[in-house]
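Novice: Before we start, here is the structure in question, set down as structure tokens.
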Amino acid sequence: MTSTNSQSGIDVISRKDDHDGAVDRGHGVIHLVPTEQDVELRQKAVKTKAAGVEAVLKSFQYGIGEAGLLRGTLPMLQLNQAQGFDCPGCAWPESDTHRSSFEFCENGAKAVAHESDKRRATAQFFRDHSISEMSRHSDYWLEQQGRLTEPMFLDEGASHYQPIRWEDAFQLIAEELNNLDSPDQAAFYTSGKATNEAAFAYQIFARGYGTNNLPDCSNMCHEASGRALTKMMGMGKGTVKLDDFEKAELVFVVGQNPGTNHPRQLSALQTSKRNGAKIISVNPLPEAGLMGFMNPQQVSGMLGISTQLTDLFLQVKINGDIPLFKGIIKQLVEWEDERGDVIDRQFTEEFTEGMADLLANVREASWDQIVSRSGIPKNQIVQAAKWASETSRIIVCWCLGVTQHRNGTQNVQELLNLLLIRGAIGKPGAGACCVRGHSNVQGDRTMGVWEKPPQSLLDQIEKVFGFHPPQERGFDSQRTAKAMHEGKVKVLVSLGGNFLLALPDTQFTAEAIQNTDLTVRIGTKLNRADLLTGRRSLILPCLGRTEADVRPAANGKPARPQFTSTENSMGVVQSSQGKFAPASKDLMNEVAILCKMAHAVLGDRTGIDWQAWADDYDQIREGIAAVIPGCENYNQLVRQKGGFYLPNGPRKRNFTTPSGKAVMTVNPIPKDEIKPGQFAMTTVRSHDQFNTTIYGLDDRYRGLYNVRQIVMMNEADIAEQGLKPEQAIDVESHFEGETRKVCGFRVVAYPIPRQCVAMYFPEANPLIPMNSTDEFSNCPSFKHTIVSVRASGTKH
Ligand SMILES: Nc1nc2c(c(=O)[nH]1)N[C@H]1C(S)=C(S)[C@@H](COP(=O)(O)OP(=O)(O)OC[C@H]3O[C@@H](n4cnc5c(=O)[nH]c(N)nc54)[C@H](O)[C@@H]3O)O[C@H]1N2
Ligand SMILES: Nc1nc2c(c(=O)[nH]1)N[C@H]1C(S)=C(S)[C@@H](COP(=O)(O)OP(=O)(O)OC[C@H]3O[C@@H](n4cnc5c(=O)[nH]c(N)nc54)[C@H](O)[C@@H]3O)O[C@H]1N2
Ligand SMILES: [Mo]
């Protein structure tokens with residue numbers, strides 16, 4: 001590693017303090033952090049409502065700007081229509097019955113426009129720009145170079161990528177993989193955009209090759225939800241359907257920012273509200289979409305008339321959710337002890353176990369501790385409990401503010417305890433709503449992308465395909481990074497995503513990646529993971545979901561359009577067919593790319609005709625039908641208009657736990673490890689990004705413009721630290737004696753609880769310790785890092 005001098009305020013990342021994470025490959029320095037100058041921060045008032053006509057205009061503006069008038073607007077009209085393509089944005093479902101012709105949201109539109117980009121990162125672009133030069137630019141700039149058009153190869157020690165033919169790329173991968181000492185020296189990462197066909201073919205390929213090293217973005221996202229739901233109900237998925245929102249009488253929205261990350265969820269919440277439901281929001285930040293909503297699909301919304309969504313805003317401290325929900329349950333149990341009509345005894349006796357321990361635990365809990373650790377006054381907790389005692393039509397929705405903690409699994413468990421004691425599972429208008437992230441992250445798991453595969457999956461693969469899959473557990477994403485760092489994993493294949501910037505501890509992850517022999521990334525656009533690579537690197541560009549996928553005539557079959565399928569957050573599987581001209585004639589769908597890669601690597605070792613799978617996805621779907629429970633007749637079911645629901649036991653009070661009952665759990669209040677002068681730091685997405693893809697520099701609803709290297713802090717804390725708003729500060733994180741630091745971030749006054757700060761993902765990832773993960777799910781604690789701050793230029 002060599003160090004470079006940073007001139008800009010933003011250019012510092014370090015675990016060791018003496019370098020910015022830049023590496024010298026022999027042909028110039030590759031920067032882990034861009035050296036581009038930032039522009040001036042602008043701050044406006046925090047918004048109290050989301051969407052409305054402004055959002056529609058923004059989506060068209062973005063669509064037209066990025067993609068050109070026709071490519072920009074036409075795709076949006078196809079979005080989430082019964083015959084169109086599945087939105088490549090989030091995993092929120094579409095209505096089964098009524099789809100408006102504008103069933104899209106601003107951020108779905110941005111995702112589509114980003115893909116329909118008219119700009120191209122061609123071979124000439126790679127000739128003109130060395131990787132060193134590209135690395136000086138921001139991540140925003142990298143994705144702005146447009147769609148990748150042909151396979152590119154970076155040789156050992158080379159300064160530039162050069163074009164490579166598809167066959168040669170597959171051959172290179174085959175040689176590298178087939179020369180490893182063990183298949184476990186390779187890892188196959190998946191980002192949750194991959195469709196069901198891609199995910200299924202990919203996991204069969206990895207297992208046919210001989211490893212369960214199938215890390216995926218879910219390991220960093222809802223792994224804790226899967227663990228908690230499986231332990232307590234026997235199935236790792238939520239239990240509600242969209243129409244339950246019409247019948248609900250109380251909806252909790254915990255640790256999520258739907259106005260930005262799941263905008264169509266606001267329509268569902270609006271429906272609940274109009275039907276008389278109360279909404280309780282639990283969040284350290286007063287997120288615009290939680291407060292009010294102007295529905296862009298309706299005239300009133302277009303006119304700027306909003307629905308007030310939240311009835312009770314519980315502004316918890318970061319990681320205050322267990323104490324808060326323990327408090328709500330405690331109050332319910334106190335009333336039960338007085339009046340005996342709060343716990344649903346019929347339900348709990350017939351369908352659950354473990355209640356005695358839960359009741360003992362909440363009876364013992366101290367109100368003082370509940371109030372001080374949640375940050376919520378007792379009267380507000382009593383109010384929430386009162387509403388929860390008045391109805392059992394309760395839905396609890398949650399996302400990353402709940403899961404990405406060292407006690408993430410227990411957070412989810414405490415929410416589920418509330419549903420169970422009220423009998424709010426398996427009845428209309430009630431249940432668990434685990435709001436997934438990436439558009440097909442749930443489907444990827446259903447299809448078998450899982451480093452800890454259930455034995456039943458392995459046995460069925462063996463039965464259907466005749467090869468013996470590996471039986472040992474593989475690496476999840478964090479363990480993959482560590483294994484690469486130790487030199488145990490030498491080849492990393494990524495199906496989409498950005499392994500470098502999505503993982504914790506960017507510096508460590510960069511070192512890990514650079515310690516491999518080969519990195520291969522299938523993607524649509526350039527990102528920093530293509531610059532900080534293994535000794536050799538391949539970029540394999542693929543079609544996006546909006547583009548028509550016509551496989552050429554082969555095996556006696558004429559050329560015909562292919563489609564793929566996805567599963568949304570509520571277990572609905574449906575087909576998705578792109579319509580638009582591909583960004584380049586050299587592109588293939590990622591399904592075809594994977595099958596061709598598998599063919600080159602495995603030949604006929606698995607007995608699967610990979611070429612036939614590449615040319616006709618019906619054949620892959622036959623495999624899905626034979627292996628994945630609930631997918632029998634997949635080819636037929638997926639062609640039905642609106643798709644089909646996967647089976648969901650808990651929705652019918654059929655709990656597939658070892659005892660056959662839903663299991664209540666005891667979840668201790670987490671230890672308070674924050675010392676005076678330190679802060680709990682959470683990381684959030686801005687309104688203008690999709691994970692590591694930055695669409696723009698504005699966070700409109702939070703009133704923050706132009707700058708992403710910021711720290712949102714309570715005004716009183718800013719003063720107490722002797723700082724001034726907008727001052728440049730250094731942030732140091734503390735974990736088990738290790739420190740990590742970023743410098744030159746701007747502090748902004750924000751309505752966040754005392755001793756709590758928020759920063760943006762992925763800029764804050766250098767601060768996140770790799771080993772700070774949930775004990776049960778190993779999900780990184782992206783929402784809780786202990787930090788201290790200093791004015792830049794002063795010593796810690
Ligand atoms: N436009 C857009 N859509 C997206 C994405 C995107 O990047 N852009 N990403 C997709 C993906 S992969 C995912 S997983 C989802 C993510 O969806 P979200 O979970 O909504 O994403 P985050 O921005 O991480 O927001 C977490 C929320 O939790 C709150 N929070 C932070 N810490 C705590 C805490 O300790 N307790 C509580 N109760 N709340 C807390 C934050 O203030 C914030 O409102 O969105 C998906 N959809
Ligand atoms: N600090 C912090 N870190 C986090 C989080 C957090 O909240 N805080 N959230 C975590 C979560 S929830 C997640 S899901 C991960 C996200 O981790 P990833 O899923 O790995 O990252 P993305 O940014 O979604 O991936 C973006 C890239 O995907 C590629 N891409 C886009 N569309 C397609 C496509 O159709 N096919 C293919 N093959 N490639 C495509 C593009 O090249 C783009 O650059 O990050 C995690 N990291
Ligand atoms: Mo996610």
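So you can find residues: chains in the structure tokens are A, B, ... in the order shown, residues in each start at 1, and ligands are numbered from 1 in order.
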Do you know which residues are within 6 Å of ligand 3 using only C-alpha atoms and all ligand atoms? Can you write them as a tab-separated table (two decimals) with all heavy atoms, in the first residue's frame?
Specialist:
```tsv
chain	number	residue	atom	x	y	z
A	221	CYS	N	-28.73	-7.79	5.13
A	221	CYS	CA	-29.98	-7.04	4.96
A	221	CYS	C	-31.04	-7.60	5.90
A	221	CYS	O	-31.21	-7.11	7.01
A	221	CYS	CB	-30.35	-7.16	3.49
A	221	CYS	SG	-31.79	-6.29	2.95
A	437	GLY	N	-35.74	-5.68	0.63
A	437	GLY	CA	-35.02	-4.62	-0.04
A	437	GLY	C	-35.02	-4.74	-1.54
A	437	GLY	O	-35.96	-4.33	-2.23
A	438	HIS	N	-33.98	-5.36	-2.08
A	438	HIS	CA	-33.83	-5.55	-3.51
A	438	HIS	C	-35.07	-6.24	-4.08
A	438	HIS	O	-35.69	-7.08	-3.43
A	438	HIS	CB	-32.65	-6.47	-3.77
A	438	HIS	CG	-31.38	-5.74	-4.10
A	438	HIS	ND1	-31.28	-4.91	-5.17
A	438	HIS	CD2	-30.16	-5.77	-3.53
A	438	HIS	CE1	-30.04	-4.43	-5.25
A	438	HIS	NE2	-29.33	-4.94	-4.25
```
Novice: At a cut-off of 7 Å around ligand 1, and using only C-alpha atoms and all ligand atoms, what residues come up? Please write them as a VMD selection string.
Specialist: chain A and resid 89 to 90 107 to 108 221 254 to 258 260 to 262 282 to 285 287 316 to 321 399 to 402 436 to 438 682 to 691 783 to 784
Novice: Using only C-alpha atoms and all ligand atoms, find each protein or nucleic acid residue lying at most 8 Å from ligand 2; present the set as a short mmCIF file (atom, residue, chain, number, x, y, z; two decimals) with N, CA, C and O atoms, in the first residue's frame.
Specialist:
```
data_model
loop_
_atom_site.label_atom_id
_atom_site.label_comp_id
_atom_site.auth_asym_id
_atom_site.auth_seq_id
_atom_site.Cartn_x
_atom_site.Cartn_y
_atom_site.Cartn_z
N PRO A 88 -37.28 -2.86 -11.23
CA PRO A 88 -35.98 -3.23 -10.67
C PRO A 88 -35.64 -2.46 -9.40
O PRO A 88 -34.52 -2.56 -8.90
N GLU A 115 -31.25 2.34 -15.72
CA GLU A 115 -30.98 1.20 -16.59
C GLU A 115 -31.14 1.58 -18.07
O GLU A 115 -30.41 1.10 -18.93
N GLU A 143 -20.95 5.51 -12.32
CA GLU A 143 -22.20 4.97 -12.87
C GLU A 143 -22.74 5.87 -13.98
O GLU A 143 -23.46 5.41 -14.86
N THR A 190 -24.25 -12.99 -4.74
CA THR A 190 -25.46 -12.57 -5.47
C THR A 190 -26.01 -11.28 -4.89
O THR A 190 -26.16 -11.17 -3.67
N SER A 191 -26.36 -10.34 -5.74
CA SER A 191 -27.09 -9.15 -5.32
C SER A 191 -28.56 -9.42 -5.64
O SER A 191 -28.88 -10.11 -6.61
N GLY A 192 -29.45 -8.85 -4.82
CA GLY A 192 -30.85 -9.27 -4.88
C GLY A 192 -31.66 -8.84 -6.09
O GLY A 192 -32.88 -8.94 -6.08
N LYS A 193 -30.99 -8.36 -7.13
CA LYS A 193 -31.74 -8.06 -8.35
C LYS A 193 -31.86 -9.29 -9.24
O LYS A 193 -32.69 -9.32 -10.14
N ALA A 194 -30.99 -10.27 -9.01
CA ALA A 194 -30.97 -11.45 -9.87
C ALA A 194 -32.35 -12.11 -9.90
O ALA A 194 -32.99 -12.27 -8.86
N ASP A 216 -24.73 -13.69 -0.17
CA ASP A 216 -25.60 -12.78 -0.93
C ASP A 216 -25.90 -11.53 -0.10
O ASP A 216 -25.57 -11.46 1.08
N CYS A 217 -26.52 -10.54 -0.76
CA CYS A 217 -26.75 -9.27 -0.07
C CYS A 217 -27.71 -9.46 1.09
O CYS A 217 -27.70 -8.65 2.03
N SER A 218 -28.50 -10.50 1.06
CA SER A 218 -29.41 -10.80 2.16
C SER A 218 -28.67 -11.00 3.48
O SER A 218 -29.21 -10.70 4.55
N MET A 220 -26.55 -9.22 4.60
CA MET A 220 -26.31 -7.91 5.21
C MET A 220 -27.61 -7.13 5.39
O MET A 220 -27.59 -5.95 5.70
N CYS A 221 -28.73 -7.79 5.13
CA CYS A 221 -29.98 -7.04 4.96
C CYS A 221 -31.04 -7.60 5.90
O CYS A 221 -31.21 -7.11 7.01
N HIS A 222 -31.74 -8.67 5.48
CA HIS A 222 -32.81 -9.23 6.29
C HIS A 222 -32.46 -10.59 6.87
O HIS A 222 -33.36 -11.33 7.25
N LEU A 400 -34.57 -2.20 7.79
CA LEU A 400 -33.19 -2.31 8.28
C LEU A 400 -32.92 -1.65 9.63
O LEU A 400 -31.97 -2.03 10.32
N GLN A 404 -30.36 -4.49 11.23
CA GLN A 404 -28.90 -4.32 11.15
C GLN A 404 -28.31 -3.87 12.49
O GLN A 404 -27.78 -2.78 12.64
N GLY A 437 -35.74 -5.68 0.63
CA GLY A 437 -35.02 -4.62 -0.04
C GLY A 437 -35.02 -4.74 -1.54
O GLY A 437 -35.96 -4.33 -2.23
N HIS A 438 -33.98 -5.36 -2.08
CA HIS A 438 -33.83 -5.55 -3.51
C HIS A 438 -35.07 -6.24 -4.08
O HIS A 438 -35.69 -7.08 -3.43
N VAL A 441 -34.77 -10.12 -3.80
CA VAL A 441 -33.91 -10.72 -2.78
C VAL A 441 -34.60 -11.91 -2.11
O VAL A 441 -33.97 -12.91 -1.78
N SER A 494 -19.26 -12.29 -8.87
CA SER A 494 -20.39 -11.51 -8.35
C SER A 494 -21.49 -11.41 -9.39
O SER A 494 -21.26 -10.90 -10.49
N LEU A 495 -22.65 -11.88 -9.01
CA LEU A 495 -23.82 -11.72 -9.88
C LEU A 495 -24.45 -10.39 -9.48
O LEU A 495 -25.25 -10.32 -8.54
N GLY A 496 -24.04 -9.32 -10.17
CA GLY A 496 -24.50 -7.98 -9.83
C GLY A 496 -23.82 -7.47 -8.57
O GLY A 496 -22.88 -8.07 -8.05
N GLY A 497 -24.34 -6.35 -8.08
CA GLY A 497 -23.92 -5.84 -6.79
C GLY A 497 -22.59 -5.13 -6.78
O GLY A 497 -21.96 -4.90 -7.83
N ASN A 498 -22.20 -4.78 -5.57
CA ASN A 498 -20.97 -4.03 -5.36
C ASN A 498 -20.37 -4.53 -4.05
O ASN A 498 -20.60 -3.96 -2.98
N PHE A 499 -19.66 -5.65 -4.14
CA PHE A 499 -19.11 -6.30 -2.95
C PHE A 499 -18.21 -5.34 -2.18
O PHE A 499 -18.18 -5.34 -0.96
N LEU A 500 -17.50 -4.49 -2.88
CA LEU A 500 -16.54 -3.59 -2.24
C LEU A 500 -17.23 -2.58 -1.32
O LEU A 500 -16.83 -2.40 -0.17
N LEU A 501 -18.26 -1.91 -1.83
CA LEU A 501 -18.84 -0.81 -1.05
C LEU A 501 -20.03 -1.22 -0.20
O LEU A 501 -20.44 -0.49 0.69
N ALA A 502 -20.61 -2.39 -0.46
CA ALA A 502 -21.77 -2.82 0.33
C ALA A 502 -21.34 -3.40 1.67
O ALA A 502 -22.07 -3.33 2.64
N LEU A 503 -20.16 -3.98 1.72
CA LEU A 503 -19.73 -4.65 2.95
C LEU A 503 -19.24 -3.67 4.00
O LEU A 503 -18.90 -2.53 3.69
N PRO A 504 -19.17 -4.12 5.26
CA PRO A 504 -18.57 -3.27 6.30
C PRO A 504 -17.08 -3.05 6.00
O PRO A 504 -16.51 -3.77 5.17
N ARG A 521 -17.30 -9.84 -12.35
CA ARG A 521 -18.56 -9.20 -11.96
C ARG A 521 -19.49 -9.07 -13.14
O ARG A 521 -19.11 -8.55 -14.20
N ILE A 522 -20.68 -9.61 -12.97
CA ILE A 522 -21.72 -9.47 -13.99
C ILE A 522 -22.52 -8.24 -13.60
O ILE A 522 -23.06 -8.19 -12.49
N GLY A 523 -22.57 -7.23 -14.46
CA GLY A 523 -23.24 -5.99 -14.04
C GLY A 523 -23.72 -5.20 -15.24
O GLY A 523 -23.42 -5.54 -16.40
N THR A 524 -24.45 -4.14 -14.94
CA THR A 524 -24.96 -3.29 -16.00
C THR A 524 -24.13 -2.01 -16.14
O THR A 524 -24.05 -1.44 -17.22
N LYS A 525 -23.57 -1.58 -15.01
CA LYS A 525 -22.80 -0.33 -15.03
C LYS A 525 -21.53 -0.50 -14.23
O LYS A 525 -21.44 -1.37 -13.36
N LEU A 526 -20.61 0.39 -14.53
CA LEU A 526 -19.31 0.38 -13.85
C LEU A 526 -19.49 0.79 -12.39
O LEU A 526 -20.26 1.67 -12.08
N ASN A 527 -18.76 0.14 -11.49
CA ASN A 527 -18.67 0.69 -10.14
C ASN A 527 -17.28 0.42 -9.56
O ASN A 527 -16.44 -0.21 -10.21
N PRO A 541 -20.84 -7.67 -18.95
CA PRO A 541 -22.03 -6.81 -18.95
C PRO A 541 -23.29 -7.60 -19.30
O PRO A 541 -23.25 -8.52 -20.11
N CYS A 542 -24.39 -7.22 -18.69
CA CYS A 542 -25.63 -7.98 -18.95
C CYS A 542 -26.78 -7.04 -19.31
O CYS A 542 -26.71 -5.83 -19.10
N LEU A 543 -27.84 -7.64 -19.84
CA LEU A 543 -29.07 -6.90 -20.12
C LEU A 543 -29.71 -6.50 -18.80
O LEU A 543 -29.59 -7.22 -17.81
N GLY A 544 -30.43 -5.41 -18.81
CA GLY A 544 -31.25 -5.06 -17.64
C GLY A 544 -32.64 -5.65 -17.82
O GLY A 544 -32.98 -6.18 -18.88
N ARG A 545 -33.43 -5.55 -16.75
CA ARG A 545 -34.75 -6.16 -16.76
C ARG A 545 -35.73 -5.51 -17.75
O ARG A 545 -36.71 -6.11 -18.14
N GLU A 590 -28.30 -12.12 -17.80
CA GLU A 590 -27.39 -12.76 -16.85
C GLU A 590 -27.67 -14.27 -16.74
O GLU A 590 -26.78 -15.05 -16.43
N THR A 682 -25.89 5.56 13.11
CA THR A 682 -26.63 4.69 12.19
C THR A 682 -26.34 5.14 10.77
O THR A 682 -25.98 6.29 10.54
N THR A 683 -26.47 4.23 9.80
CA THR A 683 -26.28 4.61 8.40
C THR A 683 -27.60 4.51 7.67
O THR A 683 -28.37 3.58 7.89
N VAL A 684 -27.86 5.47 6.81
CA VAL A 684 -29.13 5.50 6.07
C VAL A 684 -28.89 5.77 4.59
O VAL A 684 -27.81 6.21 4.19
N ARG A 685 -29.94 5.49 3.81
CA ARG A 685 -29.92 5.82 2.39
C ARG A 685 -30.50 7.22 2.17
O ARG A 685 -31.45 7.59 2.86
N PHE A 690 -29.68 4.18 -5.00
CA PHE A 690 -30.13 2.82 -4.76
C PHE A 690 -28.91 2.06 -4.25
O PHE A 690 -28.02 1.73 -5.02
N ASN A 691 -28.88 1.83 -2.98
CA ASN A 691 -27.72 1.21 -2.34
C ASN A 691 -26.45 1.93 -2.75
O ASN A 691 -26.35 3.14 -2.58
N THR A 692 -25.48 1.23 -3.36
CA THR A 692 -24.22 1.90 -3.68
C THR A 692 -24.31 2.74 -4.96
O THR A 692 -23.37 3.44 -5.31
N THR A 693 -25.44 2.64 -5.67
CA THR A 693 -25.61 3.46 -6.88
C THR A 693 -26.17 4.82 -6.48
O THR A 693 -27.25 4.91 -5.91
N TYR A 760 -24.48 8.63 5.78
CA TYR A 760 -24.96 7.89 4.62
C TYR A 760 -24.16 6.61 4.38
O TYR A 760 -22.93 6.59 4.56
N PHE A 761 -24.88 5.58 3.95
CA PHE A 761 -24.32 4.38 3.35
C PHE A 761 -24.11 4.72 1.88
O PHE A 761 -25.01 5.30 1.30
N PRO A 762 -23.00 4.43 1.21
CA PRO A 762 -21.85 3.68 1.69
C PRO A 762 -20.68 4.54 2.20
O PRO A 762 -19.66 3.98 2.58
N GLU A 763 -20.84 5.87 2.24
CA GLU A 763 -19.70 6.71 2.62
C GLU A 763 -19.20 6.39 4.02
O GLU A 763 -18.02 6.57 4.34
N ALA A 764 -20.12 5.92 4.90
CA ALA A 764 -19.72 5.65 6.29
C ALA A 764 -19.17 4.24 6.48
O ALA A 764 -18.71 3.91 7.58
N ASN A 765 -19.21 3.42 5.43
CA ASN A 765 -18.82 2.01 5.64
C ASN A 765 -17.39 1.79 6.12
O ASN A 765 -17.12 0.80 6.80
N ILE A 768 -17.42 0.93 9.77
CA ILE A 768 -18.19 -0.20 10.32
C ILE A 768 -17.26 -1.40 10.52
O ILE A 768 -16.68 -1.90 9.56
N PHE A 782 -24.84 -2.40 10.83
CA PHE A 782 -24.75 -1.13 10.08
C PHE A 782 -25.54 -0.01 10.73
O PHE A 782 -25.35 1.15 10.41
N LYS A 783 -26.49 -0.36 11.60
CA LYS A 783 -27.32 0.69 12.20
C LYS A 783 -26.86 1.05 13.62
O LYS A 783 -27.56 1.75 14.33
#
```
Novice: Can you check which parts of range 368-465 of chain A lie within 9 Å of range 563-580 of chain A? Per residue, the shortest pair of atoms and distance in Å to one decimal, counting only C-alpha atoms, sorted by chain and number, as JSON lines.
Specialist:
```
{"residue": "A:Cys433", "atom": "CA", "partner": "A:Met570", "partner_atom": "CA", "distance": 8.0}
{"residue": "A:Cys434", "atom": "CA", "partner": "A:Ser569", "partner_atom": "CA", "distance": 7.3}
{"residue": "A:Val435", "atom": "CA", "partner": "A:Ser569", "partner_atom": "CA", "distance": 6.2}
{"residue": "A:Arg436", "atom": "CA", "partner": "A:Ser569", "partner_atom": "CA", "distance": 5.5}
{"residue": "A:Gly437", "atom": "CA", "partner": "A:Ser569", "partner_atom": "CA", "distance": 8.2}
{"residue": "A:Ser439", "atom": "CA", "partner": "A:Asn568", "partner_atom": "CA", "distance": 6.6}
{"residue": "A:Asn440", "atom": "CA", "partner": "A:Thr566", "partner_atom": "CA", "distance": 5.6}
{"residue": "A:Val441", "atom": "CA", "partner": "A:Glu567", "partner_atom": "CA", "distance": 8.1}
{"residue": "A:Gln442", "atom": "CA", "partner": "A:Glu567", "partner_atom": "CA", "distance": 6.3}
{"residue": "A:Gly443", "atom": "CA", "partner": "A:Glu567", "partner_atom": "CA", "distance": 4.7}
{"residue": "A:Asp444", "atom": "CA", "partner": "A:Glu567", "partner_atom": "CA", "distance": 8.3}
{"residue": "A:Thr446", "atom": "CA", "partner": "A:Glu567", "partner_atom": "CA", "distance": 8.6}
```
Novice: Go ahead and save the picked residues with N, CA, C and O atoms, as a tab-separated table (two decimals), in the first residue's frame.
Specialist:
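Below you can see part.tsv, which holds the result:
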```tsv
chain	number	residue	atom	x	y	z
A	433	CYS	N	-45.03	-8.04	8.53
A	433	CYS	CA	-44.72	-7.54	7.20
A	433	CYS	C	-43.23	-7.18	7.15
A	433	CYS	O	-42.83	-6.08	7.52
A	434	CYS	N	-42.46	-8.16	6.74
A	434	CYS	CA	-41.02	-8.00	6.63
A	434	CYS	C	-40.78	-7.34	5.27
A	434	CYS	O	-40.98	-7.96	4.24
A	435	VAL	N	-40.42	-6.06	5.28
A	435	VAL	CA	-40.33	-5.30	4.03
A	435	VAL	C	-38.94	-5.50	3.42
A	435	VAL	O	-37.95	-4.98	3.93
A	436	ARG	N	-38.90	-6.28	2.36
A	436	ARG	CA	-37.60	-6.65	1.76
A	436	ARG	C	-37.00	-5.50	0.97
A	436	ARG	O	-37.69	-4.56	0.60
A	437	GLY	N	-35.74	-5.68	0.63
A	437	GLY	CA	-35.02	-4.62	-0.04
A	437	GLY	C	-35.02	-4.74	-1.54
A	437	GLY	O	-35.96	-4.33	-2.23
A	439	SER	N	-35.34	-5.93	-5.35
A	439	SER	CA	-36.58	-6.38	-5.97
A	439	SER	C	-36.75	-7.90	-5.97
A	439	SER	O	-37.86	-8.40	-5.96
A	440	ASN	N	-35.67	-8.69	-5.99
A	440	ASN	CA	-35.89	-10.14	-5.94
A	440	ASN	C	-35.06	-10.83	-4.86
A	440	ASN	O	-34.74	-12.02	-4.95
A	441	VAL	N	-34.77	-10.12	-3.80
A	441	VAL	CA	-33.91	-10.72	-2.78
A	441	VAL	C	-34.60	-11.91	-2.11
A	441	VAL	O	-33.97	-12.91	-1.78
A	442	GLN	N	-35.93	-11.82	-1.98
A	442	GLN	CA	-36.65	-12.94	-1.36
A	442	GLN	C	-36.66	-14.14	-2.30
A	442	GLN	O	-36.47	-15.29	-1.88
A	443	GLY	N	-36.84	-13.87	-3.59
A	443	GLY	CA	-36.85	-14.96	-4.57
A	443	GLY	C	-35.51	-15.67	-4.66
A	443	GLY	O	-35.44	-16.90	-4.80
A	444	ASP	N	-34.43	-14.91	-4.55
A	444	ASP	CA	-33.10	-15.54	-4.66
A	444	ASP	C	-32.92	-16.60	-3.58
A	444	ASP	O	-32.37	-17.67	-3.82
A	446	THR	N	-35.44	-18.17	-2.00
A	446	THR	CA	-36.37	-19.27	-2.31
A	446	THR	C	-35.73	-20.22	-3.33
A	446	THR	O	-35.90	-21.43	-3.26
```
Novice: May I ask for the distance between CA of Thr195 in chain A and CA of Lys110 in chain A, given in Å to one decimal place?
Specialist: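 Straight-line distance from CA of Thr195 in chain A to CA of Lys110 in chain A works out to 19.5 Å.
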Novice: When you count only C-alpha atoms, which of these residues is closest to Gly556 in chain A: A:Phe126, A:Val601, A:Ala612, A:Asp243?
Specialist: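 For Gly556 in chain A, the nearest of the given residues is A:Ala612.
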Novice: Using only C-alpha atoms, find the one residue out of A:Asn706, A:Gln619, A:Asn212, A:Thr307 that sits nearest to Pro454 in chain A.
Specialist: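 Looking only at the distances to Pro454 in chain A, the closest residue turns out to be A:Asn212.
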Novice: I need the residues of range 608-775 of chain A that end up classed as strand (DSSP E or B) by DSSP on the backbone, written out as a count of residues only.
Specialist: 48
Novice: For CA of Met681 in chain A and CA of Lys326 in chain A, quote the distance in Å rounded to one decimal.
Specialist: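 We find that CA of Met681 in chain A and CA of Lys326 in chain A lie 22.7 Å from each other.
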Novice: Using only C-alpha atoms, can you tell me which of A:Thr773, A:Gln270, A:Thr310, A:Gln369 comes closest to Pro296 in chain A?
Specialist: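 Closest to Pro296 in chain A of all the choices is A:Gln270.
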